[in-house]
Structures are given as C-alpha cells and as structure tokens.
$ cat query.txt   # compact mmCIF, C-alpha atoms
# COMPACT_ATOMS: atom_id res chain seq x y z
CA MET A 1 -120.83 84.50 152.17
CA LEU A 2 -119.57 87.81 153.56
CA TRP A 3 -123.11 89.16 153.24
CA THR A 4 -124.54 86.16 155.13
CA LEU A 5 -122.03 86.68 157.93
CA PHE A 6 -122.66 90.42 158.06
CA ARG A 7 -126.44 90.02 158.13
CA ARG A 8 -126.19 87.54 160.95
CA ASP A 9 -123.81 89.78 162.95
CA VAL A 10 -126.16 92.72 162.54
CA SER A 11 -129.20 90.74 163.66
CA LEU A 12 -127.27 89.46 166.69
CA ILE A 13 -126.21 93.01 167.63
CA ALA A 14 -129.74 94.31 167.09
CA ARG A 15 -131.11 91.65 169.44
CA SER A 16 -128.55 92.35 172.14
CA PRO A 17 -129.89 94.34 175.09
CA ALA A 18 -126.62 96.29 175.06
CA VAL A 19 -127.21 97.76 171.63
CA TRP A 20 -128.16 101.19 173.06
CA MET A 21 -125.25 101.34 175.50
CA PRO A 22 -122.65 103.08 173.29
CA VAL A 23 -125.00 105.87 172.21
CA MET A 24 -126.38 106.33 175.74
CA PHE A 25 -122.82 106.55 177.01
CA PHE A 26 -121.95 109.11 174.32
CA VAL A 27 -124.88 111.36 175.21
CA LEU A 28 -124.34 110.96 178.95
CA VAL A 29 -120.70 112.03 178.72
CA ALA A 30 -121.77 115.05 176.68
CA ALA A 31 -124.36 115.84 179.35
CA LEU A 32 -121.86 115.51 182.20
CA PHE A 33 -119.10 117.71 180.83
CA PRO A 34 -120.88 121.07 181.26
CA PHE A 35 -121.27 120.20 184.93
CA ALA A 36 -117.62 119.24 185.21
CA VAL A 37 -116.04 122.27 183.49
CA GLY A 38 -118.59 124.89 184.50
CA PRO A 39 -120.97 127.09 182.52
CA ASP A 40 -118.37 128.94 180.41
CA ALA A 41 -119.98 128.50 176.97
CA ARG A 42 -116.88 129.59 175.00
CA LEU A 43 -114.60 127.16 176.78
CA LEU A 44 -117.15 124.39 176.37
CA ALA A 45 -117.62 125.01 172.65
CA ARG A 46 -113.83 124.99 172.18
CA ILE A 47 -113.30 121.62 173.87
CA ALA A 48 -116.56 120.09 172.62
CA PRO A 49 -115.12 118.17 169.63
CA GLY A 50 -112.44 116.69 171.87
CA ILE A 51 -114.98 115.59 174.45
CA LEU A 52 -117.20 113.99 171.86
CA TRP A 53 -114.29 112.26 170.16
CA VAL A 54 -113.02 110.75 173.39
CA SER A 55 -116.50 109.58 174.31
CA ALA A 56 -116.93 108.10 170.82
CA LEU A 57 -113.67 106.23 171.28
CA LEU A 58 -114.75 104.86 174.65
CA ALA A 59 -118.21 104.05 173.28
CA ALA A 60 -116.57 101.93 170.57
CA LEU A 61 -114.83 99.95 173.30
CA LEU A 62 -117.91 99.37 175.48
CA PRO A 63 -119.08 96.17 173.73
CA VAL A 64 -115.55 94.84 173.18
CA GLU A 65 -116.06 91.81 175.43
CA THR A 66 -119.11 90.70 173.47
CA LEU A 67 -117.62 91.21 170.01
CA LEU A 68 -115.77 87.92 169.63
CA ALA A 69 -115.35 86.18 172.99
CA PRO A 70 -118.84 84.59 173.01
CA ASP A 71 -118.24 83.21 169.52
CA MET A 72 -115.02 81.64 170.69
CA GLU A 73 -116.65 80.10 173.76
CA ASP A 74 -119.79 78.71 172.15
CA GLY A 75 -118.02 77.08 169.21
CA THR A 76 -119.22 79.49 166.53
CA LEU A 77 -115.68 80.24 165.39
CA ASP A 78 -114.96 76.49 165.21
CA GLN A 79 -118.02 75.97 163.03
CA LEU A 80 -116.93 78.78 160.73
CA ALA A 81 -113.34 77.56 160.56
CA ALA A 82 -114.48 73.98 159.90
CA ARG A 83 -116.31 75.32 156.83
CA GLY A 84 -113.05 76.70 155.53
CA ILE A 85 -114.20 80.28 156.06
CA ALA A 86 -111.13 82.43 156.68
CA MET A 87 -111.13 84.27 160.01
CA GLU A 88 -110.23 87.40 158.04
CA TRP A 89 -113.70 87.34 156.46
CA VAL A 90 -115.38 86.67 159.77
CA VAL A 91 -113.59 89.67 161.25
CA THR A 92 -114.36 91.89 158.26
CA ALA A 93 -118.07 91.20 158.64
CA ARG A 94 -117.80 91.82 162.36
CA ILE A 95 -116.08 95.19 161.90
CA ALA A 96 -118.80 96.33 159.51
CA ALA A 97 -121.54 95.15 161.86
CA HIS A 98 -119.89 96.73 164.89
CA TRP A 99 -119.56 100.02 163.03
CA LEU A 100 -123.23 99.89 162.08
CA GLY A 101 -124.16 99.03 165.65
CA PHE A 102 -122.20 101.70 167.49
CA ALA A 103 -121.24 104.48 165.07
CA VAL A 104 -124.47 105.04 163.20
CA PRO A 105 -126.57 105.63 166.34
CA LEU A 106 -123.75 107.86 167.56
CA LEU A 107 -123.82 109.96 164.40
CA LEU A 108 -127.57 110.29 164.75
CA ALA A 109 -127.10 111.43 168.36
CA ILE A 110 -124.73 114.27 167.45
CA PRO A 111 -127.49 116.92 167.39
CA VAL A 112 -128.43 116.02 170.97
CA ALA A 113 -124.88 115.69 172.22
CA GLY A 114 -123.87 118.84 170.32
CA VAL A 115 -126.54 120.95 172.02
CA LEU A 116 -125.47 119.66 175.43
CA VAL A 117 -121.88 120.84 174.91
CA GLY A 118 -122.79 124.03 173.07
CA LEU A 119 -121.64 123.07 169.60
CA ASP A 120 -122.98 125.34 166.82
CA ALA A 121 -124.44 123.86 163.62
CA ALA A 122 -121.34 124.34 161.46
CA ALA A 123 -119.08 122.73 164.03
CA GLY A 124 -121.67 119.98 164.45
CA TRP A 125 -121.57 119.12 160.78
CA ARG A 126 -117.78 119.20 160.80
CA LEU A 127 -117.75 116.82 163.75
CA ALA A 128 -120.29 114.53 162.10
CA LEU A 129 -118.18 114.34 158.96
CA ALA A 130 -115.01 113.67 160.93
CA LEU A 131 -116.73 110.99 163.04
CA ALA A 132 -118.18 109.37 159.91
CA ILE A 133 -114.65 109.12 158.50
CA GLY A 134 -112.94 108.14 161.75
CA THR A 135 -115.36 105.71 163.41
CA PRO A 136 -114.67 102.83 160.99
CA ALA A 137 -111.10 102.90 162.33
CA LEU A 138 -112.42 102.79 165.90
CA ALA A 139 -114.61 99.81 165.01
CA ALA A 140 -111.66 98.05 163.39
CA LEU A 141 -109.40 98.66 166.40
CA ALA A 142 -112.08 97.48 168.80
CA VAL A 143 -112.48 94.21 166.87
CA VAL A 144 -108.70 93.67 166.80
CA ALA A 145 -108.60 94.18 170.55
CA ALA A 146 -111.57 91.83 170.94
CA ALA A 147 -109.73 89.18 168.93
CA LEU A 148 -106.53 89.58 170.94
CA THR A 149 -108.32 89.34 174.27
CA ALA A 150 -110.99 86.74 173.43
CA GLY A 151 -110.56 83.85 175.80
CA LEU A 152 -108.78 85.94 178.43
CA ARG A 153 -110.33 86.70 181.77
CA GLY A 154 -110.97 90.42 182.14
CA GLY A 155 -110.15 90.96 178.50
CA GLY A 156 -112.13 94.18 178.35
CA ALA A 157 -109.71 96.18 180.43
CA LEU A 158 -106.77 94.84 178.47
CA ALA A 159 -108.57 95.67 175.23
CA GLY A 160 -108.75 99.30 176.34
CA LEU A 161 -105.01 99.39 176.92
CA ILE A 162 -104.41 97.92 173.47
CA VAL A 163 -106.74 100.24 171.58
CA LEU A 164 -106.18 103.61 173.21
CA PRO A 165 -102.59 104.18 171.98
CA LEU A 166 -103.45 102.88 168.51
CA ALA A 167 -106.42 105.23 168.31
CA LEU A 168 -104.25 108.32 168.86
CA PRO A 169 -103.82 109.24 165.18
CA VAL A 170 -107.57 109.00 164.62
CA LEU A 171 -108.18 111.13 167.68
CA ILE A 172 -105.63 113.79 166.71
CA PHE A 173 -106.82 114.21 163.12
CA GLY A 174 -110.44 113.86 164.12
CA VAL A 175 -110.36 116.59 166.76
CA GLY A 176 -108.32 118.86 164.49
CA ALA A 177 -110.75 118.38 161.61
CA GLU A 178 -110.98 122.09 160.83
CA GLN A 179 -107.24 122.30 160.08
CA ALA A 180 -106.25 121.99 156.43
CA GLY A 181 -105.54 118.40 155.46
CA ALA A 182 -106.68 116.90 158.73
CA LEU A 183 -109.69 115.17 157.19
CA GLN A 184 -107.49 113.61 154.51
CA LEU A 185 -105.08 112.34 157.15
CA LEU A 186 -108.02 111.09 159.20
CA GLY A 187 -109.27 109.23 156.15
CA ALA A 188 -105.81 107.76 155.60
CA ALA A 189 -105.55 106.62 159.23
CA SER A 190 -109.00 105.09 158.95
CA LEU A 191 -108.19 103.24 155.74
CA VAL A 192 -104.91 101.89 157.13
CA SER A 193 -106.72 100.61 160.24
CA LEU A 194 -109.43 99.01 158.12
CA ALA A 195 -106.88 97.38 155.82
CA VAL A 196 -104.68 95.96 158.57
CA ALA A 197 -107.34 95.02 161.13
CA PRO A 198 -108.81 91.93 159.40
CA PHE A 199 -105.35 90.36 159.11
CA ALA A 200 -104.31 91.25 162.64
CA ALA A 201 -107.56 90.03 164.18
CA GLY A 202 -107.70 87.00 161.87
CA ALA A 203 -104.19 85.96 162.91
CA ALA A 204 -105.15 86.34 166.57
CA LEU A 205 -108.11 84.01 166.11
CA LYS A 206 -106.20 81.23 164.33
CA PRO A 207 -106.09 78.11 166.52
CA GLU A 208 -102.68 77.37 167.94
CA MET B 1 -119.18 58.38 145.48
CA SER B 2 -116.95 60.53 147.64
CA GLU B 3 -113.25 60.08 148.15
CA PRO B 4 -112.08 58.10 151.19
CA LEU B 5 -110.51 59.66 154.25
CA HIS B 6 -106.77 58.97 154.40
CA VAL B 7 -104.68 59.78 157.45
CA GLU B 8 -100.93 59.12 157.39
CA GLY B 9 -98.36 59.53 160.14
CA LEU B 10 -100.50 62.01 162.03
CA ALA B 11 -99.05 63.52 165.21
CA CYS B 12 -100.56 66.08 167.53
CA LEU B 13 -98.67 68.40 169.83
CA ARG B 14 -100.61 70.30 172.49
CA GLY B 15 -98.44 72.71 174.41
CA ASP B 16 -95.22 70.72 174.76
CA ARG B 17 -96.98 67.37 175.13
CA LEU B 18 -97.14 64.89 172.27
CA LEU B 19 -100.70 63.56 172.49
CA PHE B 20 -100.23 60.91 169.81
CA GLU B 21 -98.00 60.18 166.85
CA ASP B 22 -97.85 57.88 163.84
CA VAL B 23 -101.61 57.56 163.59
CA ASP B 24 -102.58 55.98 160.28
CA PHE B 25 -106.02 54.98 159.13
CA MET B 26 -108.33 54.96 156.19
CA VAL B 27 -112.09 55.22 156.14
CA ALA B 28 -113.75 54.17 152.90
CA PRO B 29 -117.05 55.61 151.66
CA GLY B 30 -119.82 54.07 153.72
CA GLY B 31 -117.39 53.35 156.55
CA ALA B 32 -117.27 54.48 160.14
CA LEU B 33 -114.58 54.84 162.75
CA HIS B 34 -114.86 54.78 166.53
CA LEU B 35 -112.21 56.81 168.34
CA GLU B 36 -111.76 55.37 171.79
CA GLY B 37 -109.44 56.04 174.67
CA PRO B 38 -109.39 57.47 178.16
CA ASN B 39 -110.07 61.15 178.88
CA GLY B 40 -107.25 63.33 177.63
CA SER B 41 -105.92 60.76 175.19
CA GLY B 42 -106.47 63.09 172.25
CA LYS B 43 -109.80 61.98 170.76
CA SER B 44 -111.18 65.48 170.56
CA SER B 45 -107.85 66.81 169.29
CA LEU B 46 -107.80 64.18 166.54
CA LEU B 47 -111.31 65.23 165.49
CA ARG B 48 -110.23 68.89 165.50
CA LEU B 49 -107.23 67.98 163.34
CA LEU B 50 -109.54 66.21 160.89
CA ALA B 51 -111.87 69.21 160.88
CA GLY B 52 -108.97 71.52 160.08
CA LEU B 53 -109.32 73.37 163.37
CA LEU B 54 -105.79 72.45 164.48
CA PRO B 55 -102.70 72.24 162.33
CA PRO B 56 -101.10 68.76 162.51
CA PHE B 57 -97.65 68.58 164.10
CA ALA B 58 -96.77 65.95 161.50
CA GLY B 59 -98.57 63.84 158.96
CA ARG B 60 -101.11 64.21 156.23
CA ILE B 61 -104.89 64.22 156.01
CA THR B 62 -106.80 63.92 152.75
CA GLY B 63 -110.49 63.42 152.39
CA PRO B 64 -113.82 64.81 151.32
CA GLU B 65 -115.66 67.80 152.69
CA ARG B 66 -116.46 67.42 156.36
CA SER B 67 -118.85 68.63 158.98
CA PHE B 68 -117.89 68.92 162.63
CA LEU B 69 -119.85 68.80 165.86
CA GLY B 70 -117.83 69.43 169.00
CA HIS B 71 -118.88 69.82 172.61
CA GLU B 72 -120.11 73.35 172.00
CA VAL B 73 -123.08 73.55 169.68
CA ALA B 74 -122.74 77.23 168.65
CA LEU B 75 -126.34 78.34 169.11
CA LYS B 76 -126.94 81.96 170.07
CA PRO B 77 -129.23 82.26 173.10
CA ARG B 78 -131.40 85.07 171.71
CA MET B 79 -132.01 83.63 168.26
CA THR B 80 -134.70 81.09 167.49
CA LEU B 81 -133.51 77.63 166.63
CA GLY B 82 -134.99 77.93 163.13
CA ALA B 83 -133.09 81.16 162.46
CA GLU B 84 -129.86 79.65 163.76
CA LEU B 85 -130.05 76.51 161.67
CA SER B 86 -131.11 78.51 158.60
CA HIS B 87 -128.04 80.71 159.00
CA TRP B 88 -125.69 77.73 158.95
CA ALA B 89 -127.66 76.05 156.18
CA ARG B 90 -127.27 79.22 154.11
CA LEU B 91 -123.49 79.12 154.65
CA ASP B 92 -123.51 75.45 153.60
CA GLY B 93 -125.81 76.02 150.65
CA GLY B 94 -128.19 73.46 152.17
CA LEU B 95 -131.40 75.38 152.88
CA ASP B 96 -133.39 72.79 150.91
CA ARG B 97 -131.99 69.98 153.07
CA LEU B 98 -132.81 71.73 156.35
CA PRO B 99 -136.48 70.70 156.84
CA ALA B 100 -135.68 67.01 156.35
CA ALA B 101 -132.69 67.24 158.68
CA MET B 102 -134.72 68.97 161.38
CA ALA B 103 -137.41 66.34 161.08
CA ALA B 104 -134.83 63.54 161.21
CA MET B 105 -133.45 64.89 164.50
CA ASN B 106 -136.92 65.70 165.84
CA VAL B 107 -136.30 69.44 166.27
CA ALA B 108 -138.77 70.65 163.61
CA GLY B 109 -141.26 71.57 166.33
CA LEU B 110 -138.67 73.74 168.10
CA ALA B 111 -138.02 76.10 165.17
CA GLU B 112 -139.68 79.08 166.88
CA VAL B 113 -138.11 78.50 170.30
CA PRO B 114 -135.27 80.84 171.35
CA CYS B 115 -132.13 78.78 171.84
CA ARG B 116 -131.74 79.88 175.47
CA HIS B 117 -134.87 77.86 176.30
CA LEU B 118 -133.55 74.62 174.83
CA SER B 119 -132.37 71.76 177.01
CA SER B 120 -128.88 70.37 176.48
CA GLY B 121 -130.28 67.33 174.69
CA GLN B 122 -132.31 69.53 172.37
CA ARG B 123 -129.27 71.67 171.66
CA ARG B 124 -127.25 68.58 170.80
CA ARG B 125 -130.00 67.36 168.47
CA ALA B 126 -129.99 70.78 166.81
CA GLY B 127 -126.21 70.51 166.37
CA LEU B 128 -126.69 67.11 164.76
CA ALA B 129 -129.39 68.52 162.48
CA ARG B 130 -126.82 71.09 161.34
CA VAL B 131 -124.41 68.25 160.51
CA LEU B 132 -127.16 66.49 158.51
CA THR B 133 -127.92 69.72 156.65
CA SER B 134 -124.31 70.38 155.72
CA GLY B 135 -124.28 67.83 152.91
CA ALA B 136 -120.68 66.96 153.82
CA ALA B 137 -119.61 63.38 153.11
CA LEU B 138 -117.60 63.06 156.30
CA TRP B 139 -119.18 63.64 159.70
CA LEU B 140 -116.88 64.32 162.63
CA LEU B 141 -118.79 63.86 165.86
CA ASP B 142 -117.39 64.38 169.34
CA GLU B 143 -119.39 62.22 171.74
CA PRO B 144 -122.59 62.79 169.78
CA THR B 145 -124.84 60.92 172.18
CA ALA B 146 -123.79 62.89 175.26
CA GLY B 147 -127.01 64.23 176.80
CA LEU B 148 -129.30 62.41 174.36
CA ASP B 149 -132.17 60.23 175.56
CA THR B 150 -132.68 56.73 174.15
CA ALA B 151 -135.17 57.82 171.49
CA SER B 152 -132.88 60.59 170.26
CA SER B 153 -129.90 58.24 170.18
CA ALA B 154 -131.97 55.94 167.99
CA LEU B 155 -132.72 58.86 165.65
CA LEU B 156 -129.00 59.59 165.43
CA ALA B 157 -128.25 55.91 164.73
CA GLN B 158 -130.83 55.96 161.90
CA ALA B 159 -129.41 59.16 160.45
CA MET B 160 -125.87 57.79 160.54
CA ALA B 161 -126.97 54.54 158.90
CA ALA B 162 -128.75 56.47 156.12
CA HIS B 163 -125.70 58.69 155.66
CA ARG B 164 -123.42 55.66 155.34
CA ALA B 165 -125.80 53.92 152.98
CA GLY B 166 -125.45 56.95 150.72
CA GLY B 167 -121.65 56.63 150.71
CA GLY B 168 -121.04 58.96 153.64
CA MET B 169 -118.52 58.43 156.44
CA VAL B 170 -118.67 58.93 160.18
CA VAL B 171 -115.75 59.42 162.57
CA ALA B 172 -116.89 59.66 166.16
CA ALA B 173 -115.15 60.00 169.50
CA VAL B 174 -117.13 57.75 171.78
CA HIS B 175 -117.37 56.16 175.18
CA GLY B 176 -119.29 53.01 174.42
CA ASP B 177 -121.79 52.26 171.70
CA ILE B 178 -123.51 55.04 169.75
CA GLY B 179 -125.38 52.79 167.35
CA LEU B 180 -122.89 52.64 164.48
CA ALA B 181 -123.01 49.26 162.73
CA SER B 182 -119.64 47.47 162.52
CA PRO B 183 -117.31 50.45 162.90
CA GLN B 184 -113.53 50.35 162.62
CA LEU B 185 -111.82 50.97 165.90
CA LEU B 186 -108.95 53.30 166.77
CA ARG B 187 -107.67 53.34 170.33
CA LEU B 188 -105.69 56.31 171.51
CA GLY B 189 -103.60 56.52 174.65

$ encode --input "query.txt" --output "structure tokens"
Amino acid sequence: MLWTLFRRDVSLIARSPAVWMPVMFFVLVAALFPFAVGPDARLLARIAPGILWVSALLAALLPVETLLAPDMEDGTLDQLAARGIAMEWVVTARIAAHWLGFAVPLLLAIPVAGVLVGLDAAAGWRLALALAIGTPALAALAVVAAALTAGLRGGGALAGLIVLPLALPVLIFGVGAEQAGALQLLGAASLVSLAVAPFAAGAALKPE
Amino acid sequence: MSEPLHVEGLACLRGDRLLFEDVDFMVAPGGALHLEGPNGSGKSSLLRLLAGLLPPFAGRITGPERSFLGHEVALKPRMTLGAELSHWARLDGGLDRLPAAMAAMNVAGLAEVPCRHLSSGQRRRAGLARVLTSGAALWLLDEPTAGLDTASSALLAQAMAAHRAGGGMVVAAVHGDIGLASPQLLRLG
C-alpha cells in the first residue's frame, strides 16, 4: 500500500511542470552569489556551503503549496481516508516522494553549483554527503508545513515561517559538517524530523 | 451476504451547530436509503460520517466496508483516466473488476484521455466507476446524478440495481429521483 502511494506520488511529481524548479532555483542562487559578494575567491569558498545549504532549504519549500493542498481540495485525501488508510502513511509516502523530487536533482547539481561558488572537490563531496543526510529532514519539514497550511489562503508564506525555525538544527550541523561530530548530529536531527513528521502532518490532516 | 448498516443515536456537530441528532436507521443487504432535506440540512455530513471522514458527535455506526463518492471526484488533471482509476483499483485490490466497471459507466473509451480534458459529467461517471470497482458492499453517494445526462443516469440506475441484487447497499443524498427502486427515506432538517 505504501509502495502504491509512493509510486503514484512520484509519477505525479514527475509530471508536474514545476519539477525542475527547486534545482533551477538552487543553481541560480549559486550563480548569483559571486555577483553579490564580489570576486574574492577565498571569501566565496568559505561561505559556499552556507549559501548552498540555505538555497537547498528554500528549494525544499518551493513546491510546498502543491504538496498536499491540491489533494485536500480535489477529494483525494477523502478517498484515501474513506479506505481506512491512515494519514500518517499518506504523509510518509509524500515525504519520500518529495525528497526524491527535490533533493536528488539537487545532489546531482552540486558539481555545477559548486563550481559557480568556487567549492573545491573535497569540500564538494563533504557538502554532498551532508546534504544527502540533511535533505530528508527538509523534505519532512516541508510536508509538515504543507499539511498545516493546506486549505489556508496564502499557505506558502506561512509554511516558510513554520519551517525556517525548525530547520535551524539541520542548517547548523549541515554547514558545520567538517567539524567533528557534526555529521552525526545532522543525522540525528534528520532522523528525529523523519520520525516526528508523519505524526505531526497526519494529525494536521485529520478531519475536524 | 454482507452485514447490514446500523446507525444508532447519531448526532453531528459542525462548528458549534448541531446539524442533526438521534438519527437511527438500518439498511439491510439489498436495501437502499434516500437522504433528503434542504441544502445545509446535513446530508453530506451524514454521508461523511458513514464514510468515516468525520467523527460522530454521538452515536454508533456499524456496517460493512464502504465506498464513498463526494462532490469532488479526486482525479488528477495531468494523469490519464485509465491511470487514475487503476491507481485506486490497486489500492482497493480490484484491478480485475476495473474493466467491467469502466464499461458499466461508459468511460472505457476515455482511458487514454488526460483528466483535465474530461467534462464534469465524464468525471462524475469516472468517480462512479471507481465506486463500482471498489468491491465495497455499501455505496455512499453524494448527489450521484449531478451533472449526468439521462443516458448516464440510466447506467447508474442499472449499476445500483445490479449491486443491490448482489446483496449490496446504497445510501445516497439526493434531490429527487436517481433511479433507485423502492428506497427507504430519511428526511433531515
């Protein structure tokens, strides 16, 4: 059942015209920063992981209004609930599909984005590893925010306000990935987000 | 034979308004129930209670597995109708029933059409085909003939008659006749 839901979510995301938006956004931000901070390569290389992490976080939030709100409006969630399928499962499948849809293209775009901000190969790999560990948390938080704001007008902006503070631990440990223990803490933050998100989002989607 | 639908002392609270209370009825296998009443009297809410989409404020509902069709038909605009109905059939374990259901609702020829190109009547027929595919004994239909032409309404009436002949049940919120033979009547409001 979870597999059926996941497969469907992935095929819906793949068909959406917005599927390339997060990765385009990620690369564009990386391309803009050298213009904004000037051509100092050392400065740029030092702040590069931070830049890429923040743009990854914002990229995760780009599709937040299409993650769950359409399903609430068009009756999909009703059909699922009427089949006795717990919203927690629906949300779990959605988190996995969202991660696949936004984070995997982003990871593949790291070489391009890394060159634009002057990241060397070693730092690029470190960033890729940290993003691979941290992005599931970003996907989970985005889906929670989508669940909380589904059915609200202008939910996207509110979703940003909900997610950004919660994403702080992921951001801190992700950017500091070269420090000892940071990756472990990043993994822990990611696992906690993944464990809590289905219940939080599921509770938000329960009919009142 | 499936178990009957029993509803005892059902009450529904929406916001701080009590839509209805002390609703009791029983639908036996092969039976049908018309829910009637003016707009806002709680017909749709009663169907959502029966479908398990709303928690009852009071009362008890027992019955067989059910399939629900509300106002929204839950079809994704970019997917083809065939892919959409197959997805739901897979969730219901009813892939083998799907071709017959699509034929019964006259949507078999639309399988390759993206849902955004379907008319509202075609979408409703697709929603009904999903109900037929579900294999559930109890159908919960919210104004199932809304947007249907005469021929399609006749198809629905046939499908409902066949379902009841096989021991199935139909509970429908209606305004007027939808082609159910000798239904019980419940008036709300």

$ interface_residues --input "query.txt" --of "chain B" --to "chain A" --cutoff "8 Å" --atoms "all atoms listed in the file" --output "PDB file with C-alpha atoms, in the frame of the given file"
ATOM      1  CA  ALA B  51    -111.870  69.210 160.880  1.00  0.00           C
ATOM      2  CA  GLY B  52    -108.970  71.520 160.080  1.00  0.00           C
ATOM      3  CA  LEU B  53    -109.320  73.370 163.370  1.00  0.00           C
ATOM      4  CA  LEU B  54    -105.790  72.450 164.480  1.00  0.00           C
ATOM      5  CA  PRO B  55    -102.700  72.240 162.330  1.00  0.00           C
ATOM      6  CA  ARG B  66    -116.460  67.420 156.360  1.00  0.00           C
ATOM      7  CA  SER B  67    -118.850  68.630 158.980  1.00  0.00           C
ATOM      8  CA  PHE B  68    -117.890  68.920 162.630  1.00  0.00           C
ATOM      9  CA  LEU B  69    -119.850  68.800 165.860  1.00  0.00           C
ATOM     10  CA  GLY B  70    -117.830  69.430 169.000  1.00  0.00           C
ATOM     11  CA  GLU B  72    -120.110  73.350 172.000  1.00  0.00           C
ATOM     12  CA  VAL B  73    -123.080  73.550 169.680  1.00  0.00           C
ATOM     13  CA  ALA B  74    -122.740  77.230 168.650  1.00  0.00           C
ATOM     14  CA  LEU B  75    -126.340  78.340 169.110  1.00  0.00           C
ATOM     15  CA  ARG B  78    -131.400  85.070 171.710  1.00  0.00           C
ATOM     16  CA  MET B  79    -132.010  83.630 168.260  1.00  0.00           C
ATOM     17  CA  HIS B  87    -128.040  80.710 159.000  1.00  0.00           C
ATOM     18  CA  ARG B  90    -127.270  79.220 154.110  1.00  0.00           C
ATOM     19  CA  LEU B  91    -123.490  79.120 154.650  1.00  0.00           C
ATOM     20  CA  ASP B  92    -123.510  75.450 153.600  1.00  0.00           C
TER      21      ASP B  92
END

$ closest_residue --input "query.txt" --among "A:Leu68, A:Leu61, A:Leu119, A:Leu194" --to "A:Ala142" --atoms "only C-alpha atoms"
A:Leu61

$ residues_near_point --input "query.txt" --point "(-110.5, 117.4, 169.4)" --cutoff "9 Å" --atoms "all atoms listed in the file" --output "ChimeraX atom specification"
/A:46-54,171-177

$ closest_residue --input "query.txt" --among "B:Leu46, B:Leu5, B:Leu138, B:Ala32" --to "B:Ala161" --atoms "all atoms listed in the file"
B:Ala32

$ axis_aligned_box --input "query.txt" --around "stretch 19-28 of chain A" --padding-each-side "4 Å" --output "AutoDock Vina command-line options"
--center_x -125.1 --center_y 104.6 --center_z 175.3 --size_x 14.2 --size_y 21.6 --size_z 15.3
